[in-house]
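These notes concern the structure reproduced below.
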Amino acid sequence: MSAFPSGIEQGFATARQIADAVLLEGYVLYPYRASAAKNRLRWQFGVLVPPEYGARGGEHSHQRTECLLEPRGDDDRLAVELRFLRAQRRTVEQTAAIGGFEPVERLELADRVLVPWDEGVEEKVELLLEVKELTGQGVMRPFRLPATAALELVRENGTAIGRLARRREQVDGLLRVTAEELPGPFRALRLTVVVENTSDWTPPRGADREEALPRSLVSAHLLLGLEHGSFLSVTDPPEWARPAVEKCRNEHTWPVLAGPDGGRRVLLSSPIILEDHPQIAPESLGTLYDATEIDEILALRTAALTDQEKREARGTDERAGAVIDLAESMPPEVLERLHGAVRGLREVTGGSAAGEQPWWDPGNDPHVDPEQDRVMVDGTPVGAGSRVVLRPGRRRTDAQDLFLHGRSAVVEAVLHDVDGSVHLAVTVDDDPGADLWRAQGRFRYFQPDEVTPLDGPAPVVEP
């Protein structure tokens with residue numbers, strides 16, 4: 001149970017949807033196996049390492065958040081929730097022939113393949129403070145997470161075939177919360193919250209990042225909430241507060257408003273730069289962990305993994321196994337929701353409900369006919385069926401298009417976009433896959449000034 005008042009807790013409940021995404025960003029990446037190269041360097045955001053290790057360069061041992069708040073009354077209270085992951089090192093052992101257990105690199109089971117892995121255990125430190133006690137020296141709150149060890153037997157068909165050994169190292173930290181009154185007619189405070197890793201671990205000579213991670217605060221971020229008052233946006237403050245905001249110093253983190261319904265009573269300080277009031281896409285069904293994730297592509301590719309790859313993913317981490325289950329159970333109608341959601345135009349037109357007509361649908365516009373429309377190129381009308389020579393412009397094309405310079409092609413359609421630009425969909429002559437691309441409606445696209453009308457036979461392209 002949370003120790004926070006119900007009003008703050010309700011605001012935090014909404015903000016935690018985004019905070020959870022920050023907490024687990026990049027936790028395990030597609031194809032969700034420990035053996036994948038991109039899963040060998042773990043945790044890229046908000047890692048606060050022990051100070052002795054941080055002094056060697058590379059990563060930091062603290063975060064600093066500064067923002068402005070407007071308390072309401074002398075009895076207003078500030079809630080602080082520090083959230084982070086703690087690396088739990090998991091090793092794998094199998095039953096030895098002579099009794100006991102011996103370490104192994106993998107343990108094969110019917111439904112999964114267990115391998116050594118660092119699991120992320122969610123941790124949090126909560127403070128509820130009166131705003132008036134933050135001025136002056138403020139509040140300093142040290143915390144300690146003790147080392148732990150645990151063993152879990154692995155059974156198959158009722159027989160113990162191995163075990164998992166899990167260990168967490170001791171982690172020490174400090175929260176410092178202070179505030180200072182700002183001059184001027186408006187009652188406002190500059191709030192400073194510093195999170196420090198204070199572990200006294202002295203890394204041995206040659207110690208690397210893997211040794212420091214179990215003693216680090218991983219994906220560290222803050223949720224700040226006011227019981228009655230409000231925070232000011234650091235990204236877009238009111239004009240009277242802009243000079244004070246410009247003096248705020250944020251180090252290794254960035255604060256954004258995250259209250260429900262656009263409110264200003266909750267602030268998220270994240271190691272990932274976000275905009276005010278960030279949201280999880282309503283189409284997203286679950287966490288896929290992959291940075292800048294595209295749910296549709298990841299779901300399709302995950303579902304296409306081989307059975308052996310899925311066994312390895314399930315044995316890597318329970319969270320990875322949940323992604324496999326999600327991809328396998330996603331019905332077609334849900335997958336369809338992930339395909340091409342547009343939000344910017346909904347705000348203009350007021351349309352948001354499923355099934356509504358989009359702002360502009362070329363298929364329903366009587367003035368647009370891709371198969372009949374013509375565009376003038378060098379005085380020649382060009383449309384579906386016309387033959388052209390491709391001369392892609394360097395200023396706006398890529399290498400794949402440049403390879404087609406001088407090749408002849410057939411125009412399949414003339415397309416218009418919402419910006420008024422015209423594009424020619426073409427299939428390239430002598431392309432062995434042209435019939436397949438045509439059947440699937442997949443073409444290459446060029447603008448009218450990137451083609452030359454062609455009469456007669458196709459020109460010979462020199463190698």
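Every chain in the structure tokens has a letter given in the order shown (A, B, ...), and although residue numbers restart at 1 in each chain, ligands are simply numbered from 1 in the order shown.
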Item to check | All strand (DSSP E or B) residues (DSSP, backbone) inside range 71-128 of chain A, as a PyMOL selection string | outcome: chain A and resi 77-95+101-103+107-108+113-114+117-128
Let me see the file: selected residues, N, CA and C atoms, as an mmCIF file, in the first residue's frame.
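Okay, this is what ended up in again-v9.cif:
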```cif
data_model
loop_
_atom_site.group_PDB
_atom_site.id
_atom_site.type_symbol
_atom_site.label_atom_id
_atom_site.label_comp_id
_atom_site.auth_asym_id
_atom_site.auth_seq_id
_atom_site.Cartn_x
_atom_site.Cartn_y
_atom_site.Cartn_z
ATOM 1 N N ARG A 77 1.804 19.439 1.025
ATOM 2 C CA ARG A 77 2.791 18.375 1.163
ATOM 3 C C ARG A 77 3.284 17.905 -0.202
ATOM 4 N N LEU A 78 4.547 17.492 -0.213
ATOM 5 C CA LEU A 78 5.201 16.999 -1.425
ATOM 6 C C LEU A 78 5.470 15.505 -1.275
ATOM 7 N N ALA A 79 5.043 14.724 -2.257
ATOM 8 C CA ALA A 79 5.344 13.288 -2.303
ATOM 9 C C ALA A 79 6.500 13.066 -3.270
ATOM 10 N N VAL A 80 7.467 12.270 -2.860
ATOM 11 C CA VAL A 80 8.623 11.932 -3.682
ATOM 12 C C VAL A 80 8.679 10.412 -3.794
ATOM 13 N N GLU A 81 8.682 9.920 -5.011
ATOM 14 C CA GLU A 81 8.812 8.478 -5.236
ATOM 15 C C GLU A 81 9.984 8.236 -6.182
ATOM 16 N N LEU A 82 11.074 7.725 -5.630
ATOM 17 C CA LEU A 82 12.231 7.327 -6.430
ATOM 18 C C LEU A 82 12.011 5.888 -6.877
ATOM 19 N N ARG A 83 12.113 5.656 -8.167
ATOM 20 C CA ARG A 83 11.882 4.321 -8.733
ATOM 21 C C ARG A 83 13.119 3.915 -9.537
ATOM 22 N N PHE A 84 13.508 2.663 -9.420
ATOM 23 C CA PHE A 84 14.649 2.173 -10.180
ATOM 24 C C PHE A 84 14.633 0.642 -10.197
ATOM 25 N N LEU A 85 15.481 0.090 -11.028
ATOM 26 C CA LEU A 85 15.684 -1.347 -11.063
ATOM 27 C C LEU A 85 16.978 -1.691 -10.343
ATOM 28 N N ARG A 86 16.980 -2.848 -9.746
ATOM 29 C CA ARG A 86 18.181 -3.376 -9.105
ATOM 30 C C ARG A 86 18.562 -4.655 -9.837
ATOM 31 N N ALA A 87 19.775 -4.703 -10.334
ATOM 32 C CA ALA A 87 20.214 -5.862 -11.107
ATOM 33 C C ALA A 87 20.384 -7.071 -10.187
ATOM 34 N N GLN A 88 19.665 -8.140 -10.517
ATOM 35 C CA GLN A 88 19.755 -9.392 -9.770
ATOM 36 C C GLN A 88 20.456 -10.419 -10.648
ATOM 37 N N ARG A 89 21.642 -10.819 -10.265
ATOM 38 C CA ARG A 89 22.442 -11.725 -11.088
ATOM 39 C C ARG A 89 21.964 -13.157 -10.911
ATOM 40 N N ARG A 90 21.587 -13.775 -12.029
ATOM 41 C CA ARG A 90 21.077 -15.149 -12.012
ATOM 42 C C ARG A 90 22.070 -16.072 -12.707
ATOM 43 N N THR A 91 22.481 -17.108 -12.012
ATOM 44 C CA THR A 91 23.332 -18.137 -12.618
ATOM 45 C C THR A 91 22.564 -19.441 -12.673
ATOM 46 N N VAL A 92 23.002 -20.338 -13.535
ATOM 47 C CA VAL A 92 22.292 -21.596 -13.798
ATOM 48 C C VAL A 92 23.186 -22.767 -13.396
ATOM 49 N N GLU A 93 22.595 -23.720 -12.699
ATOM 50 C CA GLU A 93 23.316 -24.928 -12.301
ATOM 51 C C GLU A 93 22.491 -26.152 -12.668
ATOM 52 N N GLN A 94 23.172 -27.241 -12.978
ATOM 53 C CA GLN A 94 22.466 -28.489 -13.243
ATOM 54 C C GLN A 94 22.863 -29.538 -12.205
ATOM 55 N N THR A 95 22.013 -30.528 -12.067
ATOM 56 C CA THR A 95 22.294 -31.604 -11.130
ATOM 57 C C THR A 95 23.512 -32.385 -11.595
ATOM 58 N N PHE A 101 25.241 -29.777 -7.315
ATOM 59 C CA PHE A 101 24.962 -29.011 -8.520
ATOM 60 C C PHE A 101 26.265 -28.432 -9.056
ATOM 61 N N GLU A 102 26.306 -28.194 -10.367
ATOM 62 C CA GLU A 102 27.477 -27.607 -10.996
ATOM 63 C C GLU A 102 27.020 -26.528 -11.987
ATOM 64 N N PRO A 103 27.772 -25.417 -12.091
ATOM 65 C CA PRO A 103 27.381 -24.324 -12.997
ATOM 66 C C PRO A 103 27.418 -24.784 -14.458
ATOM 67 N N LEU A 107 20.668 -24.636 -19.632
ATOM 68 C CA LEU A 107 19.948 -25.789 -19.115
ATOM 69 C C LEU A 107 18.687 -25.959 -19.951
ATOM 70 N N GLU A 108 18.622 -27.055 -20.698
ATOM 71 C CA GLU A 108 17.528 -27.284 -21.639
ATOM 72 C C GLU A 108 16.328 -27.878 -20.922
ATOM 73 N N VAL A 113 14.866 -22.540 -22.403
ATOM 74 C CA VAL A 113 16.294 -22.778 -22.256
ATOM 75 C C VAL A 113 16.819 -21.750 -21.273
ATOM 76 N N LEU A 114 17.227 -22.181 -20.096
ATOM 77 C CA LEU A 114 17.687 -21.270 -19.053
ATOM 78 C C LEU A 114 19.164 -20.951 -19.249
ATOM 79 N N TRP A 117 21.768 -14.618 -16.562
ATOM 80 C CA TRP A 117 21.102 -13.382 -16.982
ATOM 81 C C TRP A 117 20.977 -12.456 -15.785
ATOM 82 N N ASP A 118 20.986 -11.162 -16.025
ATOM 83 C CA ASP A 118 20.717 -10.180 -14.970
ATOM 84 C C ASP A 118 19.251 -9.774 -15.037
ATOM 85 N N GLU A 119 18.495 -10.135 -14.018
ATOM 86 C CA GLU A 119 17.088 -9.762 -13.937
ATOM 87 C C GLU A 119 16.963 -8.388 -13.290
ATOM 88 N N GLY A 120 15.924 -7.657 -13.642
ATOM 89 C CA GLY A 120 15.686 -6.341 -13.059
ATOM 90 C C GLY A 120 14.594 -6.401 -12.012
ATOM 91 N N VAL A 121 14.935 -6.121 -10.764
ATOM 92 C CA VAL A 121 13.963 -6.121 -9.675
ATOM 93 C C VAL A 121 13.550 -4.679 -9.406
ATOM 94 N N GLU A 122 12.253 -4.425 -9.414
ATOM 95 C CA GLU A 122 11.757 -3.064 -9.214
ATOM 96 C C GLU A 122 11.887 -2.658 -7.743
ATOM 97 N N GLU A 123 12.444 -1.470 -7.516
ATOM 98 C CA GLU A 123 12.609 -0.926 -6.181
ATOM 99 C C GLU A 123 12.056 0.499 -6.151
ATOM 100 N N LYS A 124 11.684 0.961 -4.960
ATOM 101 C CA LYS A 124 11.252 2.352 -4.829
ATOM 102 C C LYS A 124 11.510 2.850 -3.421
ATOM 103 N N VAL A 125 11.722 4.144 -3.318
ATOM 104 C CA VAL A 125 11.893 4.828 -2.041
ATOM 105 C C VAL A 125 10.868 5.959 -2.005
ATOM 106 N N GLU A 126 10.042 6.005 -0.967
ATOM 107 C CA GLU A 126 8.955 6.980 -0.890
ATOM 108 C C GLU A 126 9.175 7.951 0.265
ATOM 109 N N LEU A 127 8.895 9.230 0.006
ATOM 110 C CA LEU A 127 8.934 10.268 1.035
ATOM 111 C C LEU A 127 7.669 11.111 0.936
ATOM 112 N N LEU A 128 7.115 11.502 2.054
ATOM 113 C CA LEU A 128 6.004 12.456 2.100
ATOM 114 C C LEU A 128 6.433 13.572 3.039
#
```
Checklist entry - Quick one: residues within 8 Å of Leu338 in chain A, only C-alpha atoms counted, chain neighbours fewer than 3 positions away excluded, as a PyMOL selection string? => result chain A and resi 283-284+295-296+334-335+341
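Using only C-alpha atoms, the residues found no farther than 9 Å from range 286-290 of chain A, other than those of its own chain fewer than 3 positions away, are Ala21, Leu24, Glu25, Gly26, Tyr27, Val28, Leu29, Tyr30, Glu293, Ile294, Asp295, Leu298, Ala299, Arg319, Ala320, Val323 and Leu326 of chain A.
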I need the chosen residues saved as a short mmCIF file (atom, residue, chain, number, x, y, z; two decimals), in the first residue's frame, with N, CA and C atoms.
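Produced file out_22.cif, reproduced below:
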```cif
data_model
loop_
_atom_site.label_atom_id
_atom_site.label_comp_id
_atom_site.auth_asym_id
_atom_site.auth_seq_id
_atom_site.Cartn_x
_atom_site.Cartn_y
_atom_site.Cartn_z
N ALA A 21 7.18 2.63 -18.46
CA ALA A 21 7.85 2.56 -19.76
C ALA A 21 9.29 3.06 -19.65
N LEU A 24 11.50 0.40 -17.77
CA LEU A 24 11.83 -0.83 -18.49
C LEU A 24 12.27 -0.58 -19.93
N GLU A 25 12.54 0.68 -20.29
CA GLU A 25 12.98 0.98 -21.65
C GLU A 25 14.29 0.25 -21.95
N GLY A 26 14.30 -0.54 -23.02
CA GLY A 26 15.50 -1.26 -23.42
C GLY A 26 15.85 -2.42 -22.51
N TYR A 27 14.92 -2.86 -21.66
CA TYR A 27 15.22 -3.92 -20.69
C TYR A 27 15.70 -5.19 -21.39
N VAL A 28 14.97 -5.62 -22.40
CA VAL A 28 15.39 -6.76 -23.22
C VAL A 28 14.88 -6.47 -24.64
N LEU A 29 15.76 -6.56 -25.62
CA LEU A 29 15.45 -6.13 -26.96
C LEU A 29 15.17 -7.32 -27.88
N TYR A 30 14.36 -7.07 -28.91
CA TYR A 30 14.12 -8.10 -29.91
C TYR A 30 15.45 -8.61 -30.44
N GLU A 293 10.02 1.54 -29.89
CA GLU A 293 9.33 0.36 -30.38
C GLU A 293 8.21 0.71 -31.36
N ILE A 294 8.07 -0.16 -32.34
CA ILE A 294 6.97 -0.10 -33.29
C ILE A 294 6.18 -1.39 -33.08
N ASP A 295 5.06 -1.30 -32.40
CA ASP A 295 4.38 -2.50 -31.91
C ASP A 295 4.04 -3.48 -33.02
N LEU A 298 7.26 -5.29 -34.33
CA LEU A 298 7.82 -6.18 -33.31
C LEU A 298 6.90 -7.37 -33.06
N ALA A 299 5.59 -7.14 -33.04
CA ALA A 299 4.66 -8.24 -32.81
C ALA A 299 4.74 -9.27 -33.93
N ARG A 319 9.82 -11.53 -18.34
CA ARG A 319 9.26 -10.44 -19.14
C ARG A 319 9.38 -10.75 -20.63
N ALA A 320 10.50 -11.35 -21.05
CA ALA A 320 10.66 -11.74 -22.45
C ALA A 320 9.64 -12.82 -22.82
N VAL A 323 6.34 -11.31 -23.62
CA VAL A 323 6.27 -10.74 -24.97
C VAL A 323 5.96 -11.83 -25.99
N LEU A 326 2.35 -12.67 -25.71
CA LEU A 326 1.52 -11.60 -26.26
C LEU A 326 1.47 -11.67 -27.78
#
```
Output as JSON lines one row per residue of range 138-182 of chain A within 12 Å of range 236-259 of chain A: the closest atom pair and its distance in Å to one decimal place, counting only C-alpha atoms, sorted by chain and residue number ascending.
```
{"residue": "A:Ala179", "atom": "CA", "partner": "A:Cys248", "partner_atom": "CA", "distance": 11.9}
{"residue": "A:Glu180", "atom": "CA", "partner": "A:Ala244", "partner_atom": "CA", "distance": 11.5}
{"residue": "A:Glu181", "atom": "CA", "partner": "A:Ala244", "partner_atom": "CA", "distance": 11.0}
{"residue": "A:Leu182", "atom": "CA", "partner": "A:Ala244", "partner_atom": "CA", "distance": 7.9}
```
With N, CA and C atoms retained, write the just-selected residues as an mmCIF file, in the first residue's frame.
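Resulting contents of again_30.cif:
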```
data_model
loop_
_atom_site.group_PDB
_atom_site.id
_atom_site.type_symbol
_atom_site.label_atom_id
_atom_site.label_comp_id
_atom_site.auth_asym_id
_atom_site.auth_seq_id
_atom_site.Cartn_x
_atom_site.Cartn_y
_atom_site.Cartn_z
ATOM 1 N N ALA A 179 14.310 23.357 -1.084
ATOM 2 C CA ALA A 179 13.527 24.347 -1.828
ATOM 3 C C ALA A 179 13.932 25.741 -1.379
ATOM 4 N N GLU A 180 13.815 26.699 -2.299
ATOM 5 C CA GLU A 180 14.101 28.095 -1.960
ATOM 6 C C GLU A 180 13.011 28.987 -2.535
ATOM 7 N N GLU A 181 12.661 30.011 -1.761
ATOM 8 C CA GLU A 181 11.640 30.964 -2.199
ATOM 9 C C GLU A 181 12.188 31.807 -3.345
ATOM 10 N N LEU A 182 11.330 32.068 -4.327
ATOM 11 C CA LEU A 182 11.704 32.938 -5.426
ATOM 12 C C LEU A 182 11.222 34.356 -5.150
#
```
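For the pair CA of Ala327 in chain A and CA of Leu285 in chain A, the interatomic distance is 9.9 Å.
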I want to know what sits within 12 Å of range 51-58 of chain A, based on only C-alpha atoms, with residues of the same chain fewer than 2 positions away left out; could you give that as a short mmCIF file (atom, residue, chain, number, x, y, z; two decimals) with N, CA, C and O atoms, in the first residue's frame?
```
data_model
loop_
_atom_site.label_atom_id
_atom_site.label_comp_id
_atom_site.auth_asym_id
_atom_site.auth_seq_id
_atom_site.Cartn_x
_atom_site.Cartn_y
_atom_site.Cartn_z
N GLN A 44 20.74 1.30 -20.72
CA GLN A 44 21.42 2.48 -21.25
C GLN A 44 20.95 3.79 -20.63
O GLN A 44 21.56 4.83 -20.87
N VAL A 47 21.37 5.06 -15.35
CA VAL A 47 22.20 4.19 -14.51
C VAL A 47 23.06 5.05 -13.60
O VAL A 47 23.90 5.83 -14.07
N LEU A 48 22.87 4.93 -12.29
CA LEU A 48 23.66 5.65 -11.30
C LEU A 48 24.61 4.65 -10.64
O LEU A 48 24.18 3.80 -9.85
N VAL A 49 25.87 4.75 -10.98
CA VAL A 49 26.87 3.78 -10.54
C VAL A 49 27.49 4.20 -9.21
O VAL A 49 27.35 5.37 -8.79
N HIS A 60 27.51 8.21 -14.45
CA HIS A 60 27.36 9.15 -13.34
C HIS A 60 26.86 8.43 -12.09
O HIS A 60 26.26 7.36 -12.16
N SER A 61 27.08 9.06 -10.97
CA SER A 61 26.60 8.50 -9.71
C SER A 61 25.46 9.30 -9.11
O SER A 61 24.98 9.00 -8.03
N HIS A 62 24.98 10.35 -9.83
CA HIS A 62 23.88 11.15 -9.28
C HIS A 62 23.00 11.69 -10.40
O HIS A 62 23.39 11.73 -11.57
N VAL A 171 23.10 -2.04 -2.08
CA VAL A 171 23.05 -0.74 -2.76
C VAL A 171 22.71 0.32 -1.73
O VAL A 171 21.73 0.19 -0.99
N ASP A 172 23.53 1.36 -1.66
CA ASP A 172 23.27 2.49 -0.75
C ASP A 172 23.00 3.74 -1.57
O ASP A 172 23.62 3.96 -2.63
N GLY A 173 22.09 4.56 -1.08
CA GLY A 173 21.76 5.79 -1.79
C GLY A 173 21.32 6.89 -0.85
O GLY A 173 21.17 6.69 0.36
N GLU A 196 21.49 10.22 -5.23
CA GLU A 196 22.89 9.82 -5.27
C GLU A 196 23.05 8.34 -4.96
O GLU A 196 22.36 7.81 -4.09
N ASN A 197 23.95 7.70 -5.68
CA ASN A 197 24.43 6.38 -5.28
C ASN A 197 25.61 6.60 -4.34
O ASN A 197 26.61 7.19 -4.73
N THR A 198 25.47 6.17 -3.11
CA THR A 198 26.53 6.41 -2.12
C THR A 198 27.25 5.11 -1.72
O THR A 198 27.92 5.07 -0.69
N SER A 199 27.09 4.07 -2.51
CA SER A 199 27.74 2.79 -2.18
C SER A 199 29.24 2.97 -2.05
O SER A 199 29.87 3.67 -2.86
N ASP A 200 29.82 2.35 -1.03
CA ASP A 200 31.25 2.51 -0.80
C ASP A 200 32.07 1.42 -1.49
O ASP A 200 33.23 1.20 -1.13
N TRP A 201 31.50 0.74 -2.46
CA TRP A 201 32.23 -0.31 -3.19
C TRP A 201 33.43 0.28 -3.91
O TRP A 201 33.30 1.26 -4.64
N THR A 202 34.57 -0.31 -3.69
CA THR A 202 35.78 0.10 -4.38
C THR A 202 36.07 -0.90 -5.49
O THR A 202 36.38 -2.07 -5.21
N PRO A 203 35.93 -0.49 -6.74
CA PRO A 203 36.12 -1.46 -7.83
C PRO A 203 37.57 -1.91 -7.91
O PRO A 203 38.49 -1.11 -7.80
N PRO A 204 37.81 -3.22 -8.06
CA PRO A 204 39.18 -3.69 -8.23
C PRO A 204 39.75 -3.22 -9.56
O PRO A 204 39.03 -2.78 -10.45
N ARG A 205 41.05 -3.31 -9.68
CA ARG A 205 41.72 -2.89 -10.92
C ARG A 205 41.15 -3.68 -12.10
O ARG A 205 41.02 -4.90 -12.06
N GLY A 206 40.78 -2.94 -13.13
CA GLY A 206 40.24 -3.57 -14.32
C GLY A 206 38.77 -3.91 -14.25
O GLY A 206 38.22 -4.52 -15.17
N ALA A 207 38.09 -3.51 -13.18
CA ALA A 207 36.65 -3.81 -13.06
C ALA A 207 35.89 -3.13 -14.20
O ALA A 207 36.16 -1.99 -14.57
N ASP A 208 34.92 -3.86 -14.77
CA ASP A 208 34.16 -3.31 -15.87
C ASP A 208 32.72 -3.01 -15.44
O ASP A 208 32.35 -3.18 -14.28
N ARG A 209 31.93 -2.58 -16.41
CA ARG A 209 30.56 -2.16 -16.13
C ARG A 209 29.72 -3.30 -15.57
O ARG A 209 28.83 -3.08 -14.73
N GLU A 210 29.97 -4.53 -16.01
CA GLU A 210 29.19 -5.66 -15.55
C GLU A 210 29.33 -5.85 -14.04
O GLU A 210 28.40 -6.29 -13.37
N GLU A 211 30.50 -5.53 -13.49
CA GLU A 211 30.69 -5.65 -12.05
C GLU A 211 30.03 -4.51 -11.29
O GLU A 211 29.65 -4.65 -10.13
N ALA A 212 29.90 -3.34 -11.94
CA ALA A 212 29.30 -2.18 -11.27
C ALA A 212 27.78 -2.24 -11.28
O ALA A 212 27.13 -1.72 -10.36
N LEU A 213 27.16 -2.86 -12.28
CA LEU A 213 25.71 -2.83 -12.42
C LEU A 213 24.95 -3.37 -11.20
O LEU A 213 23.95 -2.76 -10.77
N ARG A 215 25.51 -3.06 -8.24
CA ARG A 215 25.62 -2.09 -7.15
C ARG A 215 25.10 -0.72 -7.57
O ARG A 215 25.39 0.29 -6.92
N SER A 216 24.36 -0.67 -8.67
CA SER A 216 23.88 0.58 -9.26
C SER A 216 22.38 0.72 -9.13
O SER A 216 21.65 -0.26 -8.91
N LEU A 217 21.90 1.96 -9.25
CA LEU A 217 20.49 2.25 -9.42
C LEU A 217 20.25 2.33 -10.93
O LEU A 217 20.82 3.18 -11.60
#
```
Next on the checklist: DSSP on the backbone, alpha helix (DSSP H) only: what residues of range 57-281 of chain A does that give? Format it as a list in words.
Outcome noted: Arg209, Glu210, Glu211, Ala212, Arg242, Pro243, Ala244, Val245 and Glu246 of chain A
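Of the listed residues A:Ala425, A:Val389, A:Ala96, A:Met376, the one whose atoms come nearest to Thr452 in chain A is A:Val389, with distances taken using only C-alpha atoms.
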Next on the checklist: Just the number, please: distance in Å from CA of Tyr32 in chain A to CA of Glu309 in chain A, one decimal.
Outcome noted: 8.7 Å
Next on the checklist: List as a ChimeraX atom specification the protein and nucleic acid residues near Pro71 in chain A, meaning an atom at most 10 Å away when only C-alpha atoms are counted, but skip any in the same chain fewer than 2 places from it.
Outcome noted: /A:68-69,73-78,131-132,187-189,226-231,265
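Considering the residues A:Val154, A:Gly11, A:Gln17, A:Glu312 and counting only C-alpha atoms, Ala281 in chain A has its shortest atom-to-atom contact with A:Gln17.
For Phe45 in chain A, the residues within 8 Å (counting only C-alpha atoms, excluding itself and residues fewer than 6 positions away along the chain) are Glu25, Val218, Ser219, Ala220, Pro271 and Ile272 of chain A.
The closest residue to Arg311 in chain A, picked from A:Ala34, A:Ala384, A:Leu436, A:Val177 and counting only C-alpha atoms, is A:Ala34.
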